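One structure is given here, and the rest of the page talks about it.
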Amino acid sequence: GGKTKEKIARVAEAEIELFERDLILEIRGSKMQRRRAKKYAEGVMAQRTGPVMINSDFDDDDLTMLQVPQEAVGFVTGRAGNFLRTIEEEWTTLMFFCEVGTGRQRDFEKLAIFGATPRARRGAELKVLSAVETKVPGYLDGIRDAVVNRDKGKDTTGTWGTDTMIFRDDELSYALGKQG
C-alpha cells in the first residue's frame, strides 16, 4: 500500500518514509513542508477514531473550509470515501469532514480542503459543490458570491481565477457533453 503516505507527501510537497517496524514516520522537506505533512498525518489518523478537530493553528495558508449540507454529506463522501478520494487525486488535495472549535451546527458538516495552492483547493471545492448541487439544487445560489470572492487577489501569478456562467437546462447538457 502506502497510498495515504504518498498522498500526504504529494499534498505537503514533502518526502515521507514510514518505518513500520519502529513505528516511525520520517518527514523531509522545508520547515513548512514538514509542518504540513505532520498536520495532514495527524488529521488522517484522527479521522479514524472520530471527528477531526480543526482550529486556527491548522491554517498554514493551505486550508479552505466548506459547509456541506447534511443531506449531501453521504453523496459527497461516496461509497467508502471514494468520491472524495477521487477529487483528492485529481486536484492534489487532502479532504476530511471535521469539527471546528466547540459546539456543532447539525444542518451542515464542515469539509476541510487542504492543498498547497489556492487553485488546487478551488478545483476540489468546485467539484464538491457540483455534487452538493446535485443533491441540494440551488445551494450554490446562496453562497456563490462568498465562494467566488473568497480567493480574489490571492493569485499573485495571474494564472487562475474563478468566473461563473448561468446555463439554461438545454445548454447545460450540451456543455457537459455525453459523459456529463
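By convention in this document, the chains of the C-alpha cells carry letters A, B, ... by their order, each chain's residues are numbered from 1, and ligands are numbered from 1 in the order they are shown.
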
If we count only C-alpha atoms and set the cut-off at 12 Å, which residues sit around Glu42 in chain A, ignoring sequence neighbours fewer than 5 positions away in its own chain? Please answer as a tab-separated table (two decimals) with N, CA, C and O atoms, in the first residue's frame.
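Ended up saving to around-v8.tsv:
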chain	number	residue	atom	x	y	z
A	4	THR	N	-1.89	6.37	1.28
A	4	THR	CA	-2.12	7.53	2.15
A	4	THR	C	-0.82	8.29	2.38
A	4	THR	O	-0.79	9.52	2.31
A	5	LYS	N	0.25	7.57	2.62
A	5	LYS	CA	1.57	8.19	2.81
A	5	LYS	C	1.95	8.99	1.56
A	5	LYS	O	2.40	10.14	1.66
A	8	ILE	N	-0.24	12.20	1.31
A	8	ILE	CA	0.20	13.22	2.25
A	8	ILE	C	1.49	13.88	1.74
A	8	ILE	O	1.62	15.10	1.76
A	25	LEU	N	7.51	7.72	11.49
A	25	LEU	CA	7.24	8.41	10.23
A	25	LEU	C	8.29	9.51	10.09
A	25	LEU	O	8.34	10.42	10.92
A	35	ARG	N	5.89	20.73	8.51
A	35	ARG	CA	4.76	21.09	9.38
A	35	ARG	C	3.44	20.62	8.76
A	35	ARG	O	2.61	20.03	9.44
A	36	ARG	N	3.27	20.89	7.46
A	36	ARG	CA	2.04	20.48	6.78
A	36	ARG	C	1.91	18.96	6.75
A	36	ARG	O	0.83	18.43	7.02
A	37	ALA	N	2.96	18.25	6.43
A	37	ALA	CA	2.91	16.79	6.37
A	37	ALA	C	2.53	16.20	7.73
A	37	ALA	O	1.71	15.28	7.82
A	47	GLN	N	-9.13	11.07	12.07
A	47	GLN	CA	-10.44	10.79	11.48
A	47	GLN	C	-10.82	9.32	11.60
A	47	GLN	O	-11.98	8.97	11.47
A	48	ARG	N	-9.85	8.46	11.87
A	48	ARG	CA	-10.15	7.04	12.04
A	48	ARG	C	-10.93	6.78	13.32
A	48	ARG	O	-11.65	5.80	13.43
A	49	THR	N	-10.79	7.67	14.32
A	49	THR	CA	-11.42	7.44	15.61
A	49	THR	C	-12.57	8.39	15.90
A	49	THR	O	-13.17	8.30	16.97
A	52	VAL	N	-12.50	15.07	13.35
A	52	VAL	CA	-11.23	15.77	13.49
A	52	VAL	C	-11.52	17.19	13.96
A	52	VAL	O	-12.37	17.87	13.40
A	53	MET	N	-10.83	17.61	15.01
A	53	MET	CA	-10.99	18.98	15.50
A	53	MET	C	-10.03	19.89	14.74
A	53	MET	O	-8.84	19.60	14.65
A	54	ILE	N	-10.55	20.97	14.19
A	54	ILE	CA	-9.73	21.94	13.45
A	54	ILE	C	-9.79	23.26	14.21
A	54	ILE	O	-10.86	23.71	14.58
A	58	PHE	N	-4.39	25.20	12.43
A	58	PHE	CA	-4.34	24.29	11.30
A	58	PHE	C	-4.11	25.01	9.98
A	58	PHE	O	-3.73	24.38	9.00
A	96	PHE	N	-11.21	16.09	4.55
A	96	PHE	CA	-11.97	15.31	5.51
A	96	PHE	C	-12.96	16.21	6.23
A	96	PHE	O	-12.78	17.42	6.33

All strand (DSSP E) positions in chain A, as number ranges by chain: A: 15-19, 24-28, 52-54, 63-69, 94-100, 108-114

With only C-alpha atoms as the atoms that count, which of A:Ile113, A:Val76, A:Met65, A:Met165 lies nearest to Arg150 in chain A?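 Once distances to Arg150 in chain A are computed over only C-alpha atoms, the minimum belongs to A:Met65.
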